[in-house]
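File shown: input_3.csv (CSV, C-alpha atoms).
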```csv
chain,number,residue,atom,x,y,z
A,3,MET,CA,-8.0,8.4,21.5
A,4,LYS,CA,-7.1,6.0,24.3
A,5,LYS,CA,-10.5,4.4,24.1
A,6,ILE,CA,-10.3,4.2,20.3
A,7,LEU,CA,-6.9,2.6,20.4
A,8,LEU,CA,-8.1,0.1,23.0
A,9,LEU,CA,-11.1,-0.8,20.8
A,10,VAL,CA,-8.9,-1.1,17.7
A,11,VAL,CA,-6.3,-3.2,19.4
A,12,THR,CA,-9.1,-5.6,20.6
A,13,ILE,CA,-10.6,-5.9,17.1
A,14,TYR,CA,-7.2,-6.4,15.5
A,15,THR,CA,-6.3,-9.0,18.1
A,16,LEU,CA,-9.4,-11.0,17.3
A,17,ILE,CA,-9.1,-10.8,13.5
A,18,ALA,CA,-5.4,-11.2,12.9
A,19,PRO,CA,-4.9,-14.7,14.4
A,20,VAL,CA,-7.7,-16.3,12.4
A,21,THR,CA,-6.9,-14.9,9.0
A,22,TYR,CA,-4.0,-15.9,6.8
A,23,HIS,CA,-2.3,-14.9,3.6
A,24,PRO,CA,0.9,-16.5,2.3
A,25,ASP,CA,2.6,-13.1,1.5
A,26,THR,CA,3.1,-12.2,5.1
A,27,LYS,CA,4.9,-15.5,5.8
A,28,LEU,CA,6.9,-15.4,2.6
A,29,VAL,CA,8.3,-11.9,3.2
A,30,LEU,CA,9.4,-12.8,6.7
A,31,TYR,CA,10.9,-16.0,5.3
A,32,TYR,CA,13.4,-14.0,3.3
A,33,ALA,CA,14.8,-12.6,6.6
A,34,THR,CA,15.6,-16.1,7.8
A,35,LEU,CA,17.9,-16.9,4.9
A,36,GLY,CA,21.7,-16.6,5.3
A,37,ASN,CA,23.1,-15.3,8.6
A,38,GLU,CA,22.4,-12.4,10.8
A,39,LYS,CA,25.0,-10.2,9.0
A,40,PHE,CA,23.5,-11.1,5.6
A,41,TRP,CA,22.1,-8.1,3.7
A,42,ASN,CA,22.1,-8.9,0.0
A,43,ILE,CA,19.0,-11.1,-0.5
A,44,TYR,CA,19.1,-10.6,-4.3
A,45,LYS,CA,22.6,-12.2,-4.5
A,46,TYR,CA,21.6,-15.0,-2.2
A,47,LEU,CA,18.5,-15.9,-4.2
A,48,ASN,CA,20.5,-15.9,-7.5
A,49,GLU,CA,23.4,-17.9,-6.2
A,50,ASN,CA,21.5,-20.5,-4.1
A,51,VAL,CA,18.8,-23.0,-5.1
A,52,ASN,CA,15.7,-21.9,-3.3
A,53,ASN,CA,12.0,-22.4,-4.0
A,54,ALA,CA,11.1,-18.9,-2.9
A,55,PRO,CA,10.2,-16.4,-5.6
A,56,LYS,CA,12.7,-13.6,-6.3
A,57,PHE,CA,12.6,-10.6,-3.9
A,58,HIS,CA,11.0,-7.8,-5.9
A,59,TYR,CA,11.2,-5.0,-3.3
A,60,PRO,CA,14.0,-2.4,-2.7
A,61,PRO,CA,16.8,-3.2,-0.2
A,62,MET,CA,15.3,-1.0,2.5
A,63,ASN,CA,12.2,-3.2,2.5
A,64,TYR,CA,14.4,-6.3,3.2
A,65,TRP,CA,16.4,-4.5,5.9
A,66,LEU,CA,13.1,-3.6,7.7
A,67,VAL,CA,11.8,-7.1,7.4
A,68,LYS,CA,15.1,-8.4,8.9
A,69,ALA,CA,14.6,-5.9,11.8
A,70,GLU,CA,11.1,-7.3,12.3
A,71,LEU,CA,12.2,-10.9,12.7
A,72,PRO,CA,13.4,-10.6,16.3
A,73,VAL,CA,10.1,-9.1,17.3
A,74,VAL,CA,8.2,-11.9,15.5
A,75,LYS,CA,10.4,-14.5,17.2
A,76,LEU,CA,9.9,-12.9,20.6
A,77,VAL,CA,6.1,-13.3,20.3
A,78,GLY,CA,5.8,-16.5,18.2
A,79,GLY,CA,8.8,-18.4,19.7
A,80,SER,CA,11.9,-19.7,18.0
A,81,GLU,CA,9.9,-22.4,16.2
A,82,ILE,CA,8.2,-19.8,14.1
A,83,VAL,CA,11.3,-19.7,11.9
A,84,ASN,CA,10.6,-23.3,10.8
A,85,TRP,CA,7.0,-22.4,10.1
A,86,LEU,CA,8.1,-19.5,7.9
A,87,GLY,CA,9.8,-22.0,5.6
A,88,VAL,CA,6.8,-24.4,5.4
A,89,GLY,CA,4.8,-24.4,2.1
A,90,SER,CA,2.1,-21.8,1.9
A,91,ASN,CA,-0.6,-24.3,1.1
A,92,VAL,CA,-0.1,-26.2,4.3
A,93,ALA,CA,1.2,-23.6,6.8
A,94,PHE,CA,-2.3,-22.9,8.1
A,95,LEU,CA,-2.5,-26.5,9.3
A,96,ASP,CA,0.1,-25.9,12.0
A,97,LYS,CA,-1.3,-26.4,15.5
A,98,ASN,CA,0.2,-22.9,16.5
A,99,ILE,CA,-1.3,-21.1,13.5
A,100,PHE,CA,-3.2,-18.6,15.5
A,101,LEU,CA,-0.1,-17.6,17.5
A,102,TYR,CA,2.1,-17.5,14.4
A,103,ASN,CA,-0.4,-15.4,12.5
A,104,LEU,CA,-0.5,-12.8,15.2
A,105,ALA,CA,3.2,-12.8,15.7
A,106,SER,CA,4.0,-12.4,12.0
A,107,LYS,CA,1.5,-9.6,11.6
A,108,LEU,CA,2.4,-7.8,14.9
A,109,PRO,CA,4.9,-5.3,13.4
A,110,ILE,CA,2.4,-4.5,10.6
A,111,LEU,CA,-0.4,-3.9,13.2
A,112,ILE,CA,1.8,-1.6,15.3
A,113,VAL,CA,2.6,0.6,12.3
A,114,ILE,CA,-1.1,0.7,11.3
A,115,LEU,CA,-1.8,2.0,14.8
A,116,LEU,CA,1.0,4.6,14.6
A,117,THR,CA,-0.3,5.8,11.2
A,118,GLY,CA,-3.7,6.4,12.7
A,119,TYR,CA,-2.2,8.5,15.4
A,120,VAL,CA,-0.4,10.6,12.9
A,121,ILE,CA,-3.6,11.0,11.0
A,122,TYR,CA,-5.2,12.2,14.2
A,123,LYS,CA,-2.3,14.7,14.7
A,124,ILE,CA,-2.6,16.0,11.2
A,125,SER,CA,-6.3,16.6,11.6
A,126,LYS,CA,-5.6,18.5,14.8
A,127,LYS,CA,-2.9,20.5,13.0
A,128,MET,CA,-5.6,21.4,10.5
A,129,GLN,CA,-7.5,22.9,13.5
A,130,PHE,CA,-10.4,20.5,13.2
A,131,SER,CA,-12.3,19.6,16.4
A,132,GLU,CA,-11.2,16.8,18.7
A,133,ASN,CA,-14.1,14.7,17.6
A,134,ARG,CA,-13.5,15.2,13.9
A,135,SER,CA,-9.8,14.4,14.4
A,136,ARG,CA,-10.5,11.2,16.3
A,137,PHE,CA,-13.1,10.3,13.7
A,138,ALA,CA,-10.5,10.6,10.9
A,139,ALA,CA,-8.2,8.1,12.8
A,140,LEU,CA,-11.2,5.8,13.5
A,141,ILE,CA,-12.1,5.7,9.7
A,142,TRP,CA,-8.5,4.7,9.0
A,143,TYR,CA,-8.4,2.0,11.6
A,144,LEU,CA,-11.7,0.4,10.9
A,145,ASN,CA,-12.5,0.9,7.2
A,146,PRO,CA,-12.8,-2.4,5.3
A,147,ILE,CA,-9.7,-1.8,3.2
A,148,THR,CA,-7.4,-1.3,6.1
A,149,ILE,CA,-8.9,-4.3,7.9
A,150,TYR,CA,-8.6,-6.5,4.7
A,151,SER,CA,-5.2,-5.4,3.5
A,152,GLY,CA,-3.4,-4.8,6.8
A,153,VAL,CA,-5.1,-6.9,9.5
A,154,MET,CA,-6.4,-9.9,7.5
A,155,MET,CA,-3.7,-10.1,4.8
A,156,GLY,CA,-0.9,-8.6,6.8
A,157,GLN,CA,0.5,-6.8,3.7
A,158,ASN,CA,3.5,-4.6,4.4
A,159,ASP,CA,2.6,-1.7,2.2
A,160,ILE,CA,2.0,0.2,5.5
A,161,LEU,CA,5.7,0.2,6.1
A,162,ALA,CA,6.1,2.6,3.2
A,163,ILE,CA,2.9,4.5,3.9
A,164,PHE,CA,3.7,5.4,7.5
A,165,PRO,CA,6.9,7.4,6.9
A,166,PHE,CA,5.1,9.3,4.1
A,167,VAL,CA,2.2,10.2,6.3
A,168,LEU,CA,4.6,11.2,9.0
A,169,GLY,CA,6.4,13.4,6.4
A,170,LEU,CA,3.1,14.9,5.5
A,171,TYR,CA,2.7,16.2,9.1
A,172,PHE,CA,6.0,18.2,8.6
A,173,TYR,CA,5.2,19.3,5.1
A,174,PHE,CA,4.7,23.0,5.8
A,175,ASN,CA,6.9,23.6,8.8
A,176,PHE,CA,9.9,21.4,7.9
A,177,PRO,CA,9.8,20.6,4.2
A,178,ILE,CA,13.3,19.1,3.9
A,179,LEU,CA,12.5,16.7,6.8
A,180,ALA,CA,9.2,15.9,5.1
A,181,PHE,CA,10.8,15.0,1.8
A,182,VAL,CA,13.5,13.0,3.5
A,183,LEU,CA,10.7,10.9,5.1
A,184,PHE,CA,9.0,10.7,1.7
A,185,GLY,CA,12.2,9.3,0.4
A,186,LEU,CA,12.3,6.8,3.2
A,187,GLY,CA,8.8,5.6,2.3
A,188,GLY,CA,9.8,5.4,-1.4
A,189,SER,CA,12.9,3.4,-0.5
A,190,ILE,CA,10.7,0.7,1.2
A,191,LYS,CA,8.3,0.5,-1.7
A,192,SER,CA,8.5,2.8,-4.7
A,193,PHE,CA,5.0,4.1,-4.9
A,194,PRO,CA,5.5,7.0,-2.4
A,195,LEU,CA,8.0,8.5,-4.8
A,196,ILE,CA,5.2,9.3,-7.2
A,197,TRP,CA,3.3,11.0,-4.4
A,198,ALA,CA,6.4,12.9,-3.4
A,199,ILE,CA,6.9,14.3,-6.9
A,200,ALA,CA,3.3,15.5,-7.0
A,201,LEU,CA,3.7,17.2,-3.6
A,202,ALA,CA,6.9,18.8,-4.6
A,203,GLY,CA,5.1,20.2,-7.7
A,204,VAL,CA,2.3,21.8,-5.6
A,205,TYR,CA,4.5,23.0,-2.7
A,206,PRO,CA,3.4,26.6,-1.9
A,207,THR,CA,6.3,28.6,-3.3
A,208,LYS,CA,6.8,30.5,-6.5
A,209,SER,CA,10.3,29.3,-6.8
A,210,TRP,CA,10.6,26.4,-9.3
A,211,PHE,CA,14.1,25.9,-8.1
A,212,LYS,CA,12.8,24.9,-4.6
A,213,LYS,CA,10.1,22.7,-6.1
A,214,ILE,CA,12.7,20.8,-8.1
A,215,TYR,CA,15.0,20.7,-5.2
A,216,LEU,CA,12.4,19.2,-3.0
A,217,ALA,CA,11.5,16.6,-5.7
A,218,ILE,CA,15.1,15.6,-5.9
A,219,ILE,CA,15.5,14.8,-2.2
A,220,PRO,CA,13.4,11.6,-2.1
A,221,LEU,CA,14.8,10.5,-5.4
A,222,LEU,CA,18.3,10.9,-4.1
A,223,PHE,CA,17.4,9.1,-0.9
A,224,TYR,CA,16.0,6.2,-3.0
A,225,PHE,CA,19.1,6.2,-5.3
A,226,PHE,CA,21.6,6.0,-2.4
A,227,THR,CA,19.8,3.0,-0.9
A,228,ILE,CA,19.9,1.1,-4.2
A,229,PHE,CA,23.2,2.3,-5.5
A,230,PRO,CA,25.4,-0.6,-4.1
A,231,PHE,CA,23.1,-3.1,-6.0
A,232,LEU,CA,22.9,-1.4,-9.4
A,233,LYS,CA,25.9,-3.3,-10.6
A,234,TYR,CA,24.0,-6.6,-10.4
A,235,ASP,CA,21.9,-7.5,-13.4
A,236,TYR,CA,19.7,-9.6,-11.3
A,237,PHE,CA,18.8,-6.7,-9.1
A,238,VAL,CA,17.8,-4.6,-12.1
A,239,ASN,CA,15.7,-7.4,-13.4
A,240,ASP,CA,14.1,-8.5,-10.1
A,241,VAL,CA,13.4,-5.0,-8.7
A,242,LEU,CA,13.6,-2.1,-11.1
A,243,ASN,CA,11.9,-4.0,-14.0
A,244,SER,CA,9.0,-5.4,-11.9
A,245,GLY,CA,5.9,-4.3,-10.1
A,246,LEU,CA,4.2,-0.9,-10.4
A,247,ALA,CA,7.1,0.6,-12.3
A,248,MET,CA,6.1,-1.5,-15.3
A,249,ARG,CA,2.3,-1.6,-14.7
A,250,MET,CA,2.1,2.1,-14.9
A,251,PHE,CA,2.9,1.8,-18.6
A,252,GLU,CA,0.4,-0.9,-19.5
A,253,THR,CA,-2.7,1.2,-20.2
A,254,ASN,CA,-2.4,3.2,-23.4
A,255,ILE,CA,-4.5,4.9,-26.1
A,256,ASN,CA,-3.6,4.6,-29.8
A,257,VAL,CA,-3.8,8.0,-31.4
A,258,PHE,CA,-2.8,8.1,-35.0
A,259,GLY,CA,-0.5,5.1,-34.6
A,260,ALA,CA,1.2,6.6,-31.5
A,261,LYS,CA,0.6,5.0,-28.1
A,262,LEU,CA,-0.2,7.5,-25.4
A,263,LEU,CA,0.5,6.2,-21.9
A,264,VAL,CA,-2.6,7.0,-19.8
A,265,VAL,CA,-1.2,6.9,-16.2
A,266,PRO,CA,1.9,9.1,-16.7
A,267,ILE,CA,-0.2,11.6,-18.7
A,268,LEU,CA,-3.0,11.8,-16.1
A,269,LEU,CA,-0.4,12.1,-13.3
A,270,ILE,CA,1.2,15.1,-15.0
A,271,VAL,CA,-2.3,16.6,-15.6
A,272,VAL,CA,-3.4,16.3,-12.0
A,273,THR,CA,-0.1,17.7,-10.8
A,274,LEU,CA,-0.5,20.7,-13.1
A,275,ILE,CA,-4.0,21.2,-11.9
A,276,GLY,CA,-2.8,21.0,-8.4
A,277,ILE,CA,-0.2,23.8,-9.1
A,278,LYS,CA,-2.8,26.0,-10.8
A,279,ASN,CA,-5.4,25.6,-8.0
A,280,ASN,CA,-2.9,25.8,-5.2
A,281,LEU,CA,-3.7,22.4,-3.7
A,282,GLY,CA,-0.4,22.7,-1.8
A,283,ASN,CA,-1.7,25.5,0.4
A,284,ASN,CA,-3.4,23.3,3.0
A,285,PHE,CA,-3.7,19.7,4.1
A,286,ILE,CA,-7.2,19.3,2.5
A,287,GLY,CA,-5.8,20.2,-0.9
A,288,LEU,CA,-2.8,17.8,-0.4
A,289,CYS,CA,-5.1,15.0,0.6
A,290,THR,CA,-7.4,15.7,-2.4
A,291,LEU,CA,-4.4,15.6,-4.7
A,292,LEU,CA,-3.0,12.4,-3.1
A,293,VAL,CA,-6.4,10.6,-3.4
A,294,SER,CA,-6.6,11.6,-7.1
A,295,VAL,CA,-3.0,10.4,-7.7
A,296,ASN,CA,-3.8,7.0,-6.2
A,297,PHE,CA,-7.1,6.5,-8.0
A,298,ILE,CA,-5.2,7.2,-11.3
A,299,LEU,CA,-2.6,4.6,-10.3
A,300,LEU,CA,-5.1,2.0,-9.3
A,301,GLY,CA,-7.9,2.7,-11.8
A,302,PHE,CA,-5.6,2.4,-14.8
A,303,SER,CA,-3.2,-0.3,-13.7
A,304,ASN,CA,-3.3,-4.0,-13.1
A,305,PHE,CA,-3.3,-3.7,-9.3
A,306,ASN,CA,-3.1,-6.0,-6.4
A,307,PRO,CA,-6.1,-5.7,-4.0
A,308,GLN,CA,-3.9,-4.6,-1.0
A,309,TRP,CA,-2.7,-1.6,-2.9
A,310,PHE,CA,-6.0,0.1,-2.2
A,311,MET,CA,-4.7,0.9,1.3
A,312,TRP,CA,-2.6,3.5,-0.4
A,313,PHE,CA,-5.2,6.2,-0.6
A,314,MET,CA,-7.0,5.5,2.7
A,315,PRO,CA,-4.8,7.7,5.0
A,316,PHE,CA,-5.6,10.7,3.0
A,317,PHE,CA,-9.2,9.7,2.2
A,318,SER,CA,-9.9,9.1,5.9
A,319,ILE,CA,-9.2,12.8,6.6
A,320,ILE,CA,-11.5,13.9,3.7
A,321,LEU,CA,-14.3,11.6,4.8
A,322,ALA,CA,-14.1,12.8,8.4
A,323,ILE,CA,-14.4,16.4,7.4
A,324,TYR,CA,-16.3,16.6,4.1
A,325,GLY,CA,-17.9,13.2,3.5
A,326,GLY,CA,-17.9,11.5,0.2
A,327,TRP,CA,-18.9,8.1,1.5
A,328,TRP,CA,-20.5,7.1,-1.8
A,329,VAL,CA,-17.1,7.2,-3.4
A,330,LEU,CA,-15.8,4.7,-0.8
A,331,LEU,CA,-18.9,2.5,-1.3
A,332,PHE,CA,-18.5,2.2,-5.1
A,333,THR,CA,-14.7,1.7,-4.6
A,334,LEU,CA,-15.4,-1.1,-2.2
A,335,ILE,CA,-18.0,-2.7,-4.5
A,336,SER,CA,-15.6,-2.7,-7.4
A,337,LEU,CA,-12.6,-3.9,-5.3
A,338,PHE,CA,-14.7,-6.7,-3.9
A,339,GLY,CA,-15.9,-7.7,-7.4
A,340,LEU,CA,-12.4,-7.7,-8.9
A,341,THR,CA,-10.9,-9.5,-5.9
A,342,ILE,CA,-13.3,-12.5,-5.9
A,343,LEU,CA,-12.8,-12.8,-9.7
A,344,MET,CA,-9.1,-13.3,-9.3
A,345,ASP,CA,-7.7,-16.8,-9.5
A,346,ASP,CA,-6.2,-16.7,-6.0
A,347,GLY,CA,-8.2,-18.5,-3.4
A,348,PHE,CA,-6.2,-16.9,-0.6
A,349,LEU,CA,-7.8,-13.6,-1.4
A,350,TYR,CA,-11.2,-14.7,-0.3
A,351,TRP,CA,-12.0,-18.4,0.6
A,352,GLY,CA,-8.5,-19.2,1.9
A,353,ILE,CA,-8.0,-16.1,4.0
A,354,THR,CA,-10.0,-17.7,6.8
A,355,SER,CA,-8.3,-21.1,6.3
A,356,PRO,CA,-7.0,-21.2,9.9
A,357,ILE,CA,-10.6,-21.5,11.0
A,358,ASN,CA,-11.5,-24.1,8.4
A,359,SER,CA,-8.7,-25.6,6.4
A,360,SER,CA,-11.2,-27.1,3.8
A,361,LEU,CA,-12.1,-23.6,2.5
A,362,ILE,CA,-8.9,-23.4,0.4
A,363,ASN,CA,-10.1,-26.4,-1.5
A,364,LEU,CA,-13.2,-24.6,-2.8
A,365,PRO,CA,-13.1,-23.8,-6.5
A,366,TYR,CA,-12.2,-20.2,-7.7
A,367,MET,CA,-15.2,-17.9,-7.7
A,368,SER,CA,-14.5,-17.2,-11.4
A,369,ASP,CA,-14.9,-20.9,-12.2
A,370,ILE,CA,-18.1,-21.2,-10.3
A,371,LEU,CA,-19.6,-18.1,-12.1
A,372,THR,CA,-18.3,-19.3,-15.5
A,373,ASN,CA,-20.0,-22.7,-15.0
A,374,HIS,CA,-23.3,-20.8,-14.4
A,375,GLY,CA,-23.0,-18.9,-17.7
A,376,PHE,CA,-21.6,-15.7,-16.1
A,377,ASN,CA,-19.5,-13.5,-18.4
A,378,ILE,CA,-16.3,-13.0,-16.2
A,379,SER,CA,-14.5,-10.7,-18.7
A,380,LEU,CA,-17.5,-8.4,-18.9
A,381,ALA,CA,-17.8,-8.2,-15.1
A,382,ILE,CA,-14.1,-7.3,-14.8
A,383,ARG,CA,-14.4,-4.6,-17.4
A,384,PHE,CA,-17.4,-3.2,-15.6
A,385,PHE,CA,-15.7,-3.0,-12.3
A,386,ARG,CA,-12.6,-1.5,-13.8
A,387,TYR,CA,-14.7,1.1,-15.6
A,388,VAL,CA,-16.2,2.1,-12.3
A,389,LEU,CA,-12.7,2.7,-10.8
A,390,GLU,CA,-11.7,4.7,-13.9
A,391,LEU,CA,-14.8,6.9,-13.6
A,392,ILE,CA,-14.0,7.5,-10.0
A,393,SER,CA,-10.5,8.5,-11.1
A,394,PHE,CA,-11.9,11.1,-13.5
A,395,TYR,CA,-14.4,12.3,-10.9
A,396,TRP,CA,-11.6,12.9,-8.4
A,397,LEU,CA,-9.5,14.6,-11.1
A,398,LEU,CA,-12.5,16.9,-11.6
A,399,LYS,CA,-12.6,17.6,-7.8
A,400,CYS,CA,-9.0,18.7,-8.1
A,401,ALA,CA,-9.9,21.0,-11.0
A,402,LYS,CA,-12.7,22.6,-9.0
A,403,PHE,CA,-10.8,22.8,-5.8
A,404,ASN,CA,-11.0,26.3,-4.3
A,405,GLY,CA,-9.4,25.8,-0.9
```
Output the structure of this file as structure tokens.
Amino acid sequence: MKKILLLVVTIYTLIAPVTYHPDTKLVLYYATLGNEKFWNIYKYLNENVNNAPKFHYPPMNYWLVKAELPVVKLVGGSEIVNWLGVGSNVAFLDKNIFLYNLASKLPILIVILLTGYVIYKISKKMQFSENRSRFAALIWYLNPITIYSGVMMGQNDILAIFPFVLGLYFYFNFPILAFVLFGLGGSIKSFPLIWAIALAGVYPTKSWFKKIYLAIIPLLFYFFTIFPFLKYDYFVNDVLNSGLAMRMFETNINVFGAKLLVVPILLIVVTLIGIKNNLGNNFIGLCTLLVSVNFILLGFSNFNPQWFMWFMPFFSIILAIYGGWWVLLFTLISLFGLTILMDDGFLYWGITSPINSSLINLPYMSDILTNHGFNISLAIRFFRYVLELISFYWLLKCAKFNG
């Protein structure tokens, strides 16, 4: 593991400084507003004129970002605060861009490393060999999705993923601690709450009271962190009515005039399958369930590319033990196709703008292909169908799971 960590740190240190995405800088910029004792970012953005978009994440996310800022300043220097406020389309022109990129991503990179170590410990707890356990961590560290979302883009979804993965380690021996950690993850970004409810449903007990009790723990944790802000309409609009919470309800099927919501229905189905097939009896069952849940969320929602990091901690364990590389291959192909067809140059050309600032001026890939007679909408539908088919395939794996 020491050699693996040394290799990974070297690779990350080479990639992180030369890649750039505005979201990393923007999220840290929020932490520079107001004063050190300032904690209500939602109120500040609604009472002060500021060009920054509204903050759409839960309060815990902001508090963590605020805690990151001293570390970022320690590495990048005090001048990095001024850089965080510079426009996204010119920030990569700064002479210190490589240092600032590394400094702003450093907390994210550290948490990615910690997550891999917990994956290694979970694999050991499953009584897999040392080599297999290390391989699971290596898959997590060096797969294209982690590299792209975490190292190149510097997206902070990992801040919510890590406490959940840590909670997974304690799932069987200390369930209350596990679900408290699930709640912590869900309080940073809400998607782990969906995972937590599924894992409460399949918890290996015949007592429905205990299952419900465990499901309530992360929800209560989340509620207590947002409770002081619920009285503000702007908080409800900016946080609770945005993001995944709404995207889950976009895909529907019209049946006799009634709209059936695909994602919630499939999430209920896969949880019931998990209960019936005892997916909660061991870690492989849990990982299979969590991969299925995430493919349902991503396959049938209007996702952001970085969200695909969600299923990789659990898929890394499955890949290391049982394989299934073709699933990852087709997922990567679909993700790549959908990403380059998005009208956001920073997702592909612009991500290496610190190396060559002219790259961001290239036209969108969708415009290039359209000008050559390529049917963009048909391509998008095709790639989405592939992800939806993978979702159903993984749902079938849950149905056929036999421990």
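Minimum distance to Ile320 in chain A across A:Leu364, A:Gly169, A:Phe137, A:Tyr215 (counting only C-alpha atoms) occurs at A:Phe137.
Distances to Ala18 in chain A were evaluated for A:Asn103, A:Ser360, A:Gln129, A:Ser318 using only C-alpha atoms, and the minimum falls at A:Asn103.
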Counting only C-alpha atoms, the option among A:Trp65, A:Tyr14, A:Tyr395, A:Trp210 closest to Thr227 in chain A: A:Trp65
Computed interatomic separation between CA of Leu201 in chain A and CA of Asn284 in chain A (Å): 11.5 Å
One-decimal distance in Å that lies between CA of Leu28 in chain A and CA of Gly347 in chain A: 16.5 Å
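Among A:Tyr236, A:Tyr173, A:Tyr31, A:Phe394, the residue with the shortest atom-to-atom distance to Val265 in chain A, counting all atoms listed in the file, is A:Phe394.
Residue nearest Leu76 in chain A, chosen from A:Asn158, A:Ser106, A:Asn50, A:Asn98 and counting only C-alpha atoms: A:Ser106.
Put simply, CA of Leu349 in chain A is 25.3 Å away from CA of Asn243 in chain A.
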Using all atoms listed in the file: which of A:Gly78, A:Gly339, A:Pro206, A:Pro165 has the shortest distance to Phe285 in chain A: A:Pro206
Selection: 10 Å around Val11 in chain A, all atoms listed in the file, excl. self and same-chain fewer than 5 positions, as a PyMOL selection string: chain A and resi 5-6+16+111-112+115+143
Selection near range 397-403 of chain A, 8 Å with only C-alpha atoms, sequence-local residues under 3 positions removed, as a ChimeraX atom specification: /A:272,275-276,279,281,287,290-291,294,393-394
